[in-house]
$ cat entry_0.txt   # compact mmCIF, C-alpha atoms
# COMPACT_ATOMS: atom_id res chain seq x y z
CA MET X 22 -199.28 6.85 78.23
CA ARG X 23 -195.84 5.25 77.97
CA GLY X 24 -193.08 5.76 75.46
CA PRO X 25 -192.57 8.60 72.95
CA VAL X 26 -195.71 10.54 72.05
CA ALA X 27 -194.55 11.85 68.65
CA VAL X 28 -194.09 9.00 66.18
CA HIS X 29 -192.87 8.85 62.57
CA GLY X 30 -192.67 6.16 59.91
CA VAL X 31 -190.10 6.16 57.10
CA ASP X 32 -190.47 4.13 53.93
CA TRP X 33 -186.79 3.93 53.00
CA SER X 34 -185.00 3.71 49.65
CA GLY X 35 -181.42 3.31 48.55
CA ALA X 36 -182.15 4.20 44.92
CA ALA X 37 -180.17 6.82 43.03
CA LEU X 38 -183.28 9.03 43.03
CA ALA X 39 -184.20 8.14 46.59
CA GLY X 40 -185.90 11.48 47.19
CA ARG X 41 -188.79 10.33 45.02
CA HIS X 42 -189.27 7.08 46.92
CA ILE X 43 -188.59 7.91 50.58
CA TRP X 44 -191.77 9.01 52.34
CA ILE X 45 -192.18 10.04 55.98
CA ALA X 46 -195.48 9.79 57.87
CA SER X 47 -195.76 11.71 61.14
CA GLY X 48 -198.28 11.49 63.93
CA TRP X 49 -199.09 11.63 67.62
CA ARG X 50 -200.06 8.96 70.10
CA ALA X 51 -203.19 10.57 71.51
CA ARG X 52 -205.37 9.01 74.21
CA ARG X 53 -207.65 7.40 71.68
CA GLY X 54 -204.76 6.09 69.58
CA LEU X 55 -202.36 7.16 66.84
CA GLU X 56 -203.30 10.22 64.82
CA VAL X 57 -201.35 10.41 61.55
CA THR X 58 -201.13 14.08 60.67
CA ALA X 59 -198.85 14.34 57.63
CA VAL X 60 -197.07 12.37 54.90
CA VAL X 61 -194.22 13.97 52.93
CA ARG X 62 -191.57 12.89 50.41
CA ALA X 63 -187.91 13.22 51.32
CA SER X 64 -187.48 15.49 48.29
CA ASP X 65 -189.89 17.95 49.95
CA LEU X 66 -188.13 18.04 53.33
CA PRO X 67 -186.09 21.17 54.13
CA GLY X 68 -182.86 20.84 52.18
CA GLY X 69 -184.15 17.71 50.48
CA GLY X 70 -183.89 16.76 46.84
CA VAL X 71 -184.48 13.97 44.39
CA GLU X 72 -180.85 12.80 44.32
CA ARG X 73 -179.91 10.27 46.99
CA ALA X 74 -177.27 12.39 48.73
CA ALA X 75 -179.65 15.30 49.25
CA ALA X 76 -182.52 13.05 50.29
CA LEU X 77 -180.45 11.16 52.86
CA ALA X 78 -179.04 14.38 54.29
CA ALA X 79 -182.56 15.73 54.70
CA VAL X 80 -183.75 12.56 56.45
CA ARG X 81 -180.71 12.65 58.76
CA ALA X 82 -181.55 16.22 59.68
CA PHE X 83 -185.21 15.28 60.20
CA VAL X 84 -184.31 12.48 62.63
CA ALA X 85 -181.60 14.46 64.41
CA ALA X 86 -184.08 17.27 65.12
CA ARG X 87 -186.48 14.93 66.98
CA PRO X 88 -184.97 13.98 70.33
CA GLY X 89 -187.30 11.84 72.41
CA GLU X 90 -189.46 10.94 69.41
CA ALA X 91 -189.81 7.52 67.80
CA VAL X 92 -188.97 6.82 64.14
CA GLY X 93 -189.86 3.51 62.53
CA ILE X 94 -187.82 2.82 59.38
CA ASP X 95 -188.47 0.17 56.74
CA ALA X 96 -184.85 -0.95 56.34
CA PRO X 97 -182.57 -3.49 58.03
CA LEU X 98 -180.76 -1.94 61.00
CA GLY X 99 -178.52 -4.93 61.58
CA LEU X 100 -176.84 -7.83 59.80
CA PRO X 101 -177.15 -11.58 60.37
CA ARG X 102 -174.73 -13.19 62.81
CA ALA X 103 -172.70 -14.67 59.93
CA LEU X 104 -171.90 -11.13 58.74
CA ALA X 105 -171.86 -9.26 62.03
CA ALA X 106 -168.84 -7.98 63.91
CA ALA X 107 -168.24 -8.56 67.62
CA ASP X 108 -171.19 -6.35 68.56
CA TRP X 109 -173.91 -4.33 66.85
CA GLN X 110 -172.17 -0.94 66.90
CA SER X 111 -169.01 -2.49 65.44
CA THR X 112 -171.17 -3.97 62.67
CA VAL X 113 -172.55 -0.51 61.85
CA ARG X 114 -169.07 1.00 61.78
CA ALA X 115 -167.82 -1.78 59.48
CA VAL X 116 -170.61 -1.11 56.98
CA ALA X 117 -169.88 2.61 57.08
CA ARG X 118 -166.29 1.86 56.04
CA ASP X 119 -167.41 0.14 52.82
CA ARG X 120 -166.83 2.30 49.75
CA ASP X 121 -170.37 1.97 48.44
CA ALA X 122 -173.33 -0.42 48.30
CA GLY X 123 -171.63 -2.62 45.72
CA ALA X 124 -168.52 -3.02 47.89
CA PHE X 125 -170.73 -3.80 50.87
CA ARG X 126 -172.53 -6.57 49.02
CA ALA X 127 -169.29 -7.97 47.62
CA ARG X 128 -167.74 -8.11 51.10
CA CYS X 129 -170.79 -9.89 52.48
CA ALA X 130 -170.86 -12.38 49.59
CA ALA X 131 -167.18 -13.17 50.10
CA ARG X 132 -167.81 -14.00 53.77
CA THR X 133 -170.82 -16.25 53.10
CA GLY X 134 -169.83 -17.84 49.81
CA GLY X 135 -172.60 -15.96 48.05
CA ARG X 136 -175.33 -17.04 50.46
CA GLU X 137 -177.85 -14.49 51.75
CA PRO X 138 -178.41 -15.50 55.39
CA ARG X 139 -181.46 -14.20 57.22
CA ARG X 140 -181.49 -12.87 60.75
CA ALA X 141 -183.48 -14.50 63.52
CA CYS X 142 -185.74 -11.42 63.46
CA ASP X 143 -186.33 -11.85 59.71
CA VAL X 144 -187.58 -15.36 60.36
CA ALA X 145 -189.73 -14.25 63.31
CA ALA X 146 -191.28 -11.30 61.45
CA ARG X 147 -191.45 -13.12 58.11
CA THR X 148 -189.77 -10.28 56.25
CA PRO X 149 -189.66 -10.73 52.46
CA PHE X 150 -185.87 -10.55 52.01
CA ALA X 151 -182.56 -11.01 53.77
CA PRO X 152 -180.60 -7.76 54.39
CA THR X 153 -178.08 -8.54 51.62
CA ASN X 154 -180.61 -9.74 49.06
CA LEU X 155 -180.25 -8.26 45.57
CA ARG X 156 -183.48 -6.31 46.07
CA LEU X 157 -182.57 -4.97 49.51
CA TYR X 158 -178.82 -4.55 49.93
CA ARG X 159 -178.81 -0.91 48.78
CA GLN X 160 -181.44 -0.05 51.36
CA THR X 161 -179.45 -1.87 54.03
CA PHE X 162 -176.18 -0.15 53.14
CA HIS X 163 -177.57 3.38 52.93
CA ALA X 164 -179.62 2.97 56.10
CA LEU X 165 -176.61 1.80 58.12
CA ALA X 166 -173.87 3.88 56.48
CA GLY X 167 -175.87 6.97 55.51
CA LEU X 168 -178.30 7.31 58.40
CA VAL X 169 -177.48 5.24 61.48
CA ALA X 170 -173.68 5.56 61.57
CA PRO X 171 -173.45 9.37 61.41
CA LEU X 172 -176.35 9.88 63.82
CA LEU X 173 -174.82 7.43 66.31
CA GLU X 174 -171.49 9.24 66.03
CA ALA X 175 -173.25 12.54 66.76
CA GLY X 176 -175.22 11.07 69.65
CA ARG X 177 -178.51 12.00 67.98
CA VAL X 178 -180.11 8.57 67.77
CA ARG X 179 -180.66 5.42 69.79
CA VAL X 180 -181.62 2.18 68.07
CA ALA X 181 -183.96 -0.32 69.74
CA PRO X 182 -183.64 -2.90 71.13
CA MET X 183 -179.84 -2.77 71.04
CA GLN X 184 -179.88 0.54 72.91
CA ARG X 185 -182.20 1.97 75.52
CA PRO X 186 -184.25 5.10 74.70
CA ALA X 187 -182.83 8.45 75.81
CA ALA X 188 -184.58 11.81 75.96
CA ARG X 189 -181.69 13.52 74.18
CA ALA X 190 -181.91 11.35 71.05
CA ALA X 191 -184.49 10.09 68.58
CA LEU X 192 -185.43 6.43 68.98
CA LEU X 193 -185.01 4.43 65.78
CA LEU X 194 -186.89 1.15 65.27
CA GLU X 195 -186.79 -1.27 62.36
CA VAL X 196 -190.24 -1.95 60.94
CA CYS X 197 -191.53 -3.85 57.93
CA PRO X 198 -194.86 -2.67 56.46
CA ALA X 199 -195.23 -5.91 54.49
CA SER X 200 -194.97 -7.94 57.69
CA THR X 201 -197.35 -5.63 59.54
CA LEU X 202 -199.94 -5.88 56.78
CA ALA X 203 -199.56 -9.67 56.74
CA ARG X 204 -200.05 -9.79 60.52
CA GLU X 205 -203.29 -7.84 60.13
CA GLY X 206 -204.55 -9.91 57.20
CA LEU X 207 -204.20 -6.93 54.86
CA ARG X 208 -201.45 -8.24 52.56
CA VAL X 209 -203.11 -7.77 49.16
CA PRO X 210 -201.75 -6.26 45.91
CA TYR X 211 -201.83 -2.46 46.25
CA LYS X 212 -198.78 -1.09 44.42
CA GLY X 213 -199.29 0.20 40.90
CA ARG X 214 -201.55 2.31 38.76
CA GLY X 215 -205.20 1.76 38.03
CA GLY X 216 -208.47 2.00 39.89
CA ARG X 217 -208.33 -1.49 41.36
CA LEU X 218 -204.99 -0.92 43.09
CA ARG X 219 -205.97 2.60 44.17
CA ASP X 220 -209.10 1.14 45.77
CA ALA X 221 -206.94 -1.44 47.52
CA ARG X 222 -204.79 1.34 49.04
CA ALA X 223 -207.94 3.13 50.17
CA ARG X 224 -209.27 -0.03 51.82
CA ILE X 225 -205.97 -0.63 53.61
CA ALA X 226 -205.87 2.95 54.88
CA ALA X 227 -209.43 2.57 56.20
CA ALA X 228 -208.65 -0.81 57.75
CA LEU X 229 -205.74 0.61 59.76
CA ALA X 230 -208.27 2.53 61.82
CA GLY X 231 -210.68 -0.37 61.98
CA ARG X 232 -207.97 -2.59 63.49
CA GLY X 233 -206.86 -0.03 66.03
CA LEU X 234 -203.52 0.78 64.42
CA ALA X 235 -204.53 4.38 63.71
CA ALA X 236 -207.35 6.27 65.37
CA ARG X 237 -207.30 8.91 62.64
CA ILE X 238 -205.45 9.63 59.41
CA ALA X 239 -205.71 13.29 58.41
CA CYS X 240 -207.27 13.99 55.02
CA GLY X 241 -204.02 15.13 53.40
CA ALA X 242 -202.10 12.14 54.71
CA ARG X 243 -204.83 9.75 53.59
CA GLU X 244 -204.92 11.32 50.13
CA ALA X 245 -201.14 10.96 49.77
CA ALA X 246 -201.28 7.32 50.86
CA VAL X 247 -204.08 6.48 48.44
CA GLU X 248 -202.91 8.47 45.43
CA ASP X 249 -199.22 7.45 45.42
CA PRO X 250 -199.20 4.57 42.91
CA GLY X 251 -195.91 3.18 44.15
CA GLY X 252 -197.44 2.47 47.55
CA ASP X 253 -194.50 4.14 49.30
CA ALA X 254 -196.66 6.78 51.02
CA LEU X 255 -199.00 4.09 52.33
CA ASP X 256 -196.00 2.06 53.50
CA ALA X 257 -194.82 5.11 55.47
CA VAL X 258 -198.21 5.29 57.20
CA VAL X 259 -198.03 1.58 58.04
CA ALA X 260 -194.48 2.10 59.33
CA CYS X 261 -195.75 4.88 61.57
CA CYS X 262 -198.48 2.58 62.90
CA ALA X 263 -196.00 -0.20 63.63
CA ALA X 264 -193.66 2.19 65.45
CA ALA X 265 -196.55 3.54 67.54
CA ARG X 266 -197.59 0.02 68.50
CA ALA X 267 -194.00 -0.81 69.50
CA VAL X 268 -193.44 2.21 71.74
CA ALA X 269 -196.78 1.71 73.49
CA ASP X 270 -194.97 -0.90 75.59
CA ALA X 271 -191.88 0.96 76.76
CA ARG X 272 -190.61 -2.01 78.77
CA ALA X 273 -190.48 -4.23 75.70
CA LEU X 274 -188.32 -1.79 73.74
CA GLY X 275 -185.15 -2.54 75.67
CA ARG X 276 -185.83 -6.22 76.27
CA ALA X 277 -183.67 -8.24 73.87
CA ASN X 278 -182.22 -11.71 73.61
CA ALA X 279 -178.68 -12.44 72.39
CA ASP X 280 -179.68 -12.60 68.70
CA GLU X 281 -181.56 -9.31 68.91
CA ARG X 282 -178.73 -7.49 70.67
CA LEU X 283 -176.47 -8.38 67.74
CA GLU X 284 -178.83 -8.54 64.72
CA GLY X 285 -181.73 -6.27 65.68
CA ARG X 286 -185.48 -6.71 65.87
CA VAL X 287 -188.29 -6.04 63.41
CA TYR X 288 -191.26 -4.38 65.10
CA VAL X 289 -194.52 -5.35 63.40
$ encode --input "entry_0.txt" --output "structure tokens"
Amino acid sequence: MRGPVAVHGVDWSGAALAGRHIWIASGWRARRGLEVTAVVRASDLPGGGVERAAALAAVRAFVAARPGEAVGIDAPLGLPRALAAADWQSTVRAVARDRDAGAFRARCAARTGGREPRRACDVAARTPFAPTNLRLYRQTFHALAGLVAPLLEAGRVRVAPMQRPAARAALLLEVCPASTLAREGLRVPYKGRGGRLRDARARIAAALAGRGLAARIACGAREAAVEDPGGDALDAVVACCAAARAVADARALGRANADERLEGRVYV
């Protein structure tokens, strides 16, 4: 078995009450496949809370405490070439210097004349939005400035494929549950209240095992994924599955072309 054995999936949020919307699914790559053992909100992590600052601090601590483990996160971990600095780490540091998400978006808009360029990996993975899109820029900013930058500075994380895995640090991978579900032919409406959408979440959770993405989803994790009307808990499970699939091929993690070394890669 190659690559990290413990795997996590994070459905990210940059909302003011991010603790309600960030979910983390955790599991193990066993011999028969991924076993998802737990799904938890960021507000329920040790030291977590509903407010964004507390939630992000709790997620940072969660990732920092998992050296050698893989964490798939549903948020852009790089910017398109038109907005990037000389290299990927310099891009991360530049975002961390922005005052807030609004200043980040304004700086990007000034550089592109208001355009929202996509990365090569966005095109390849068919992600729904560009990193600076109105619906995504807060997630991008808080992922880079609030999670990646401080963990890089502390030496507690490595980010694939721009960096090679290291036993002393968690391995962070960008994933996109929407793209993974589309790849598997499972992209159907599932977010919202009502029996029809709940049934759709249940079918997706069952199909993850049927398609080999998860050998087993524990009862509590499955219940959380099905009963969360926002679909965020299910997205965390899908993120965990995508991360597990990515780390199964350890050689591919560090293999990157010029665009990926600067902009990142979306693992689906």
$ residues_around --input "entry_0.txt" --residues "range 277-281 of chain X" --least-positions-apart "2" --cutoff "8 Å" --atoms "only C-alpha atoms" --output "list in words"
Arg102, Ala141, Cys142, Pro182, Met183, Leu274, Gly275, Leu283, Glu284, Gly285 and Arg286 of chain X
$ closest_residue --input "entry_0.txt" --among "X:Ala264, X:Val71, X:Ala242, X:Ala122" --to "Arg159 in chain X" --atoms "all atoms listed in the file"
X:Ala122
$ closest_residue --input "entry_0.txt" --among "X:Arg128, X:Arg282, X:Arg62, X:Arg52" --to "Leu255 in chain X" --atoms "only C-alpha atoms"
X:Arg62
$ closest_residue --input "entry_0.txt" --among "X:Ala263, X:Val80, X:Ala85, X:Val209" --to "His163 in chain X" --atoms "only C-alpha atoms"
X:Val80
$ residues_around --input "entry_0.txt" --residues "Ala36 in chain X" --least-positions-apart "6" --cutoff "12 Å" --atoms "all atoms listed in the file" --output "list in words"
His42, Ile43, Val71, Glu72, Arg73, Ala74, Ala76, Leu77, Ala122, Arg156, Leu157, Tyr158, Arg159, Gln160, Thr161, Phe162, His163 and Ala164 of chain X
$ closest_residue --input "entry_0.txt" --among "X:Gly216, X:Gly134, X:Arg140, X:Arg118" --to "Ala105 in chain X" --atoms "only C-alpha atoms"
X:Arg140
$ closest_residue --input "entry_0.txt" --among "X:Asp95, X:Gly231, X:Pro198, X:Leu165" --to "Asp119 in chain X" --atoms "only C-alpha atoms"
X:Leu165
$ atom_distance --input "entry_0.txt" --atom1 "CA of Val268 in chain X" --atom2 "CA of Gly89 in chain X"
11.4 Å
$ atom_distance --input "entry_0.txt" --atom1 "CA of Thr112 in chain X" --atom2 "CA of Val169 in chain X"
11.2 Å
$ closest_residue --input "entry_0.txt" --among "X:Ala46, X:Ala228, X:Ala131, X:Val113" --to "Leu173 in chain X" --atoms "only C-alpha atoms"
X:Val113
$ atom_distance --input "entry_0.txt" --atom1 "CA of Gly241 in chain X" --atom2 "CA of Ala79 in chain X"
21.5 Å
$ closest_atom_pairs --input "entry_0.txt" --of "range 109-210 of chain X" --to "range 81-84 of chain X" --cutoff "8 Å" --atoms "all atoms listed in the file" --output "CSV"
residue,atom,partner,partner_atom,distance
X:Leu168,CA,X:Arg81,CA,5.9
X:Leu172,CA,X:Arg81,CA,7.2
X:Arg177,CA,X:Val84,CA,7.9
X:Val178,CA,X:Val84,CA,7.7
X:Ala191,CA,X:Val84,CA,6.4
$ write_last_selection --input "entry_0.txt" --atoms "C-alpha atoms" --output "PDB file, keeping the file's coordinate frame"
ATOM      1  CA  LEU X 168    -178.300   7.310  58.400  1.00  0.00           C
ATOM      2  CA  LEU X 172    -176.350   9.880  63.820  1.00  0.00           C
ATOM      3  CA  ARG X 177    -178.510  12.000  67.980  1.00  0.00           C
ATOM      4  CA  VAL X 178    -180.110   8.570  67.770  1.00  0.00           C
ATOM      5  CA  ALA X 191    -184.490  10.090  68.580  1.00  0.00           C
TER       6      ALA X 191
END
$ residues_around --input "entry_0.txt" --residues "Ala267 in chain X" --least-positions-apart "3" --cutoff "12 Å" --atoms "all atoms listed in the file" --output "PyMOL selection string"
chain X and resi 23-26+28-30+50+55+91-93+181-182+192-196+201+234+260-264+270-276+286-289
$ residues_around --input "entry_0.txt" --residues "Val258 in chain X" --least-positions-apart "4" --cutoff "10 Å" --atoms "only C-alpha atoms" --output "compact mmCIF listing (two decimals) with C-alpha atoms, in the coordinates of the input"
# COMPACT_ATOMS: atom_id res chain seq x y z
CA HIS X 29 -192.87 8.85 62.57
CA GLY X 30 -192.67 6.16 59.91
CA VAL X 31 -190.10 6.16 57.10
CA ASP X 32 -190.47 4.13 53.93
CA TRP X 44 -191.77 9.01 52.34
CA ILE X 45 -192.18 10.04 55.98
CA ALA X 46 -195.48 9.79 57.87
CA SER X 47 -195.76 11.71 61.14
CA GLY X 48 -198.28 11.49 63.93
CA VAL X 57 -201.35 10.41 61.55
CA THR X 58 -201.13 14.08 60.67
CA ALA X 59 -198.85 14.34 57.63
CA VAL X 60 -197.07 12.37 54.90
CA PRO X 198 -194.86 -2.67 56.46
CA ALA X 226 -205.87 2.95 54.88
CA LEU X 229 -205.74 0.61 59.76
CA ALA X 235 -204.53 4.38 63.71
CA ILE X 238 -205.45 9.63 59.41
CA ALA X 242 -202.10 12.14 54.71
CA ARG X 243 -204.83 9.75 53.59
CA ALA X 245 -201.14 10.96 49.77
CA ALA X 246 -201.28 7.32 50.86
CA ASP X 253 -194.50 4.14 49.30
CA ALA X 254 -196.66 6.78 51.02
CA CYS X 262 -198.48 2.58 62.90
CA ALA X 263 -196.00 -0.20 63.63
CA ALA X 264 -193.66 2.19 65.45
$ decode --input "entry_0.txt" --residues "range 48-65 of chain X" --atoms "N, CA and C atoms" --output "PDB file, in the first residue's frame"
ATOM      1  N   GLY X  48     -10.819   8.950   7.496  1.00  0.00           N
ATOM      2  CA  GLY X  48     -10.871   7.524   7.213  1.00  0.00           C
ATOM      3  C   GLY X  48      -9.491   6.916   7.094  1.00  0.00           C
ATOM      4  N   TRP X  49      -9.492   5.634   6.732  1.00  0.00           N
ATOM      5  CA  TRP X  49      -8.255   4.869   6.591  1.00  0.00           C
ATOM      6  C   TRP X  49      -8.263   4.133   5.266  1.00  0.00           C
ATOM      7  N   ARG X  50      -7.126   4.090   4.626  1.00  0.00           N
ATOM      8  CA  ARG X  50      -6.974   3.275   3.426  1.00  0.00           C
ATOM      9  C   ARG X  50      -6.607   1.856   3.847  1.00  0.00           C
ATOM     10  N   ALA X  51      -7.625   1.023   4.020  1.00  0.00           N
ATOM     11  CA  ALA X  51      -7.407  -0.365   4.381  1.00  0.00           C
ATOM     12  C   ALA X  51      -7.137  -1.181   3.120  1.00  0.00           C
ATOM     13  N   ARG X  52      -6.849  -2.457   3.278  1.00  0.00           N
ATOM     14  CA  ARG X  52      -6.517  -3.296   2.125  1.00  0.00           C
ATOM     15  C   ARG X  52      -7.672  -3.388   1.140  1.00  0.00           C
ATOM     16  N   ARG X  53      -8.884  -3.369   1.649  1.00  0.00           N
ATOM     17  CA  ARG X  53     -10.019  -3.507   0.738  1.00  0.00           C
ATOM     18  C   ARG X  53     -10.514  -2.158   0.218  1.00  0.00           C
ATOM     19  N   GLY X  54      -9.883  -1.076   0.649  1.00  0.00           N
ATOM     20  CA  GLY X  54     -10.267   0.240   0.178  1.00  0.00           C
ATOM     21  C   GLY X  54     -10.435   1.229   1.320  1.00  0.00           C
ATOM     22  N   LEU X  55     -10.930   2.420   0.997  1.00  0.00           N
ATOM     23  CA  LEU X  55     -11.103   3.468   1.993  1.00  0.00           C
ATOM     24  C   LEU X  55     -12.249   3.154   2.936  1.00  0.00           C
ATOM     25  N   GLU X  56     -11.999   3.293   4.217  1.00  0.00           N
ATOM     26  CA  GLU X  56     -13.035   3.172   5.238  1.00  0.00           C
ATOM     27  C   GLU X  56     -13.215   4.537   5.890  1.00  0.00           C
ATOM     28  N   VAL X  57     -14.345   5.173   5.631  1.00  0.00           N
ATOM     29  CA  VAL X  57     -14.643   6.477   6.232  1.00  0.00           C
ATOM     30  C   VAL X  57     -15.228   6.228   7.617  1.00  0.00           C
ATOM     31  N   THR X  58     -14.554   6.735   8.628  1.00  0.00           N
ATOM     32  CA  THR X  58     -14.930   6.407  10.001  1.00  0.00           C
ATOM     33  C   THR X  58     -15.696   7.504  10.732  1.00  0.00           C
ATOM     34  N   ALA X  59     -15.519   8.765  10.324  1.00  0.00           N
ATOM     35  CA  ALA X  59     -16.155   9.856  11.071  1.00  0.00           C
ATOM     36  C   ALA X  59     -16.331  11.082  10.190  1.00  0.00           C
ATOM     37  N   VAL X  60     -17.361  11.869  10.491  1.00  0.00           N
ATOM     38  CA  VAL X  60     -17.597  13.158   9.847  1.00  0.00           C
ATOM     39  C   VAL X  60     -17.966  14.143  10.953  1.00  0.00           C
ATOM     40  N   VAL X  61     -17.276  15.286  10.998  1.00  0.00           N
ATOM     41  CA  VAL X  61     -17.500  16.240  12.086  1.00  0.00           C
ATOM     42  C   VAL X  61     -17.467  17.664  11.543  1.00  0.00           C
ATOM     43  N   ARG X  62     -18.258  18.547  12.142  1.00  0.00           N
ATOM     44  CA  ARG X  62     -18.210  19.974  11.794  1.00  0.00           C
ATOM     45  C   ARG X  62     -16.989  20.625  12.435  1.00  0.00           C
ATOM     46  N   ALA X  63     -16.508  21.695  11.809  1.00  0.00           N
ATOM     47  CA  ALA X  63     -15.400  22.442  12.382  1.00  0.00           C
ATOM     48  C   ALA X  63     -15.770  23.031  13.739  1.00  0.00           C
ATOM     49  N   SER X  64     -17.037  23.398  13.910  1.00  0.00           N
ATOM     50  CA  SER X  64     -17.464  23.962  15.194  1.00  0.00           C
ATOM     51  C   SER X  64     -17.356  22.955  16.333  1.00  0.00           C
ATOM     52  N   ASP X  65     -17.294  21.662  15.991  1.00  0.00           N
ATOM     53  CA  ASP X  65     -17.216  20.619  17.018  1.00  0.00           C
ATOM     54  C   ASP X  65     -15.809  20.090  17.219  1.00  0.00           C
TER      55      ASP X  65
END
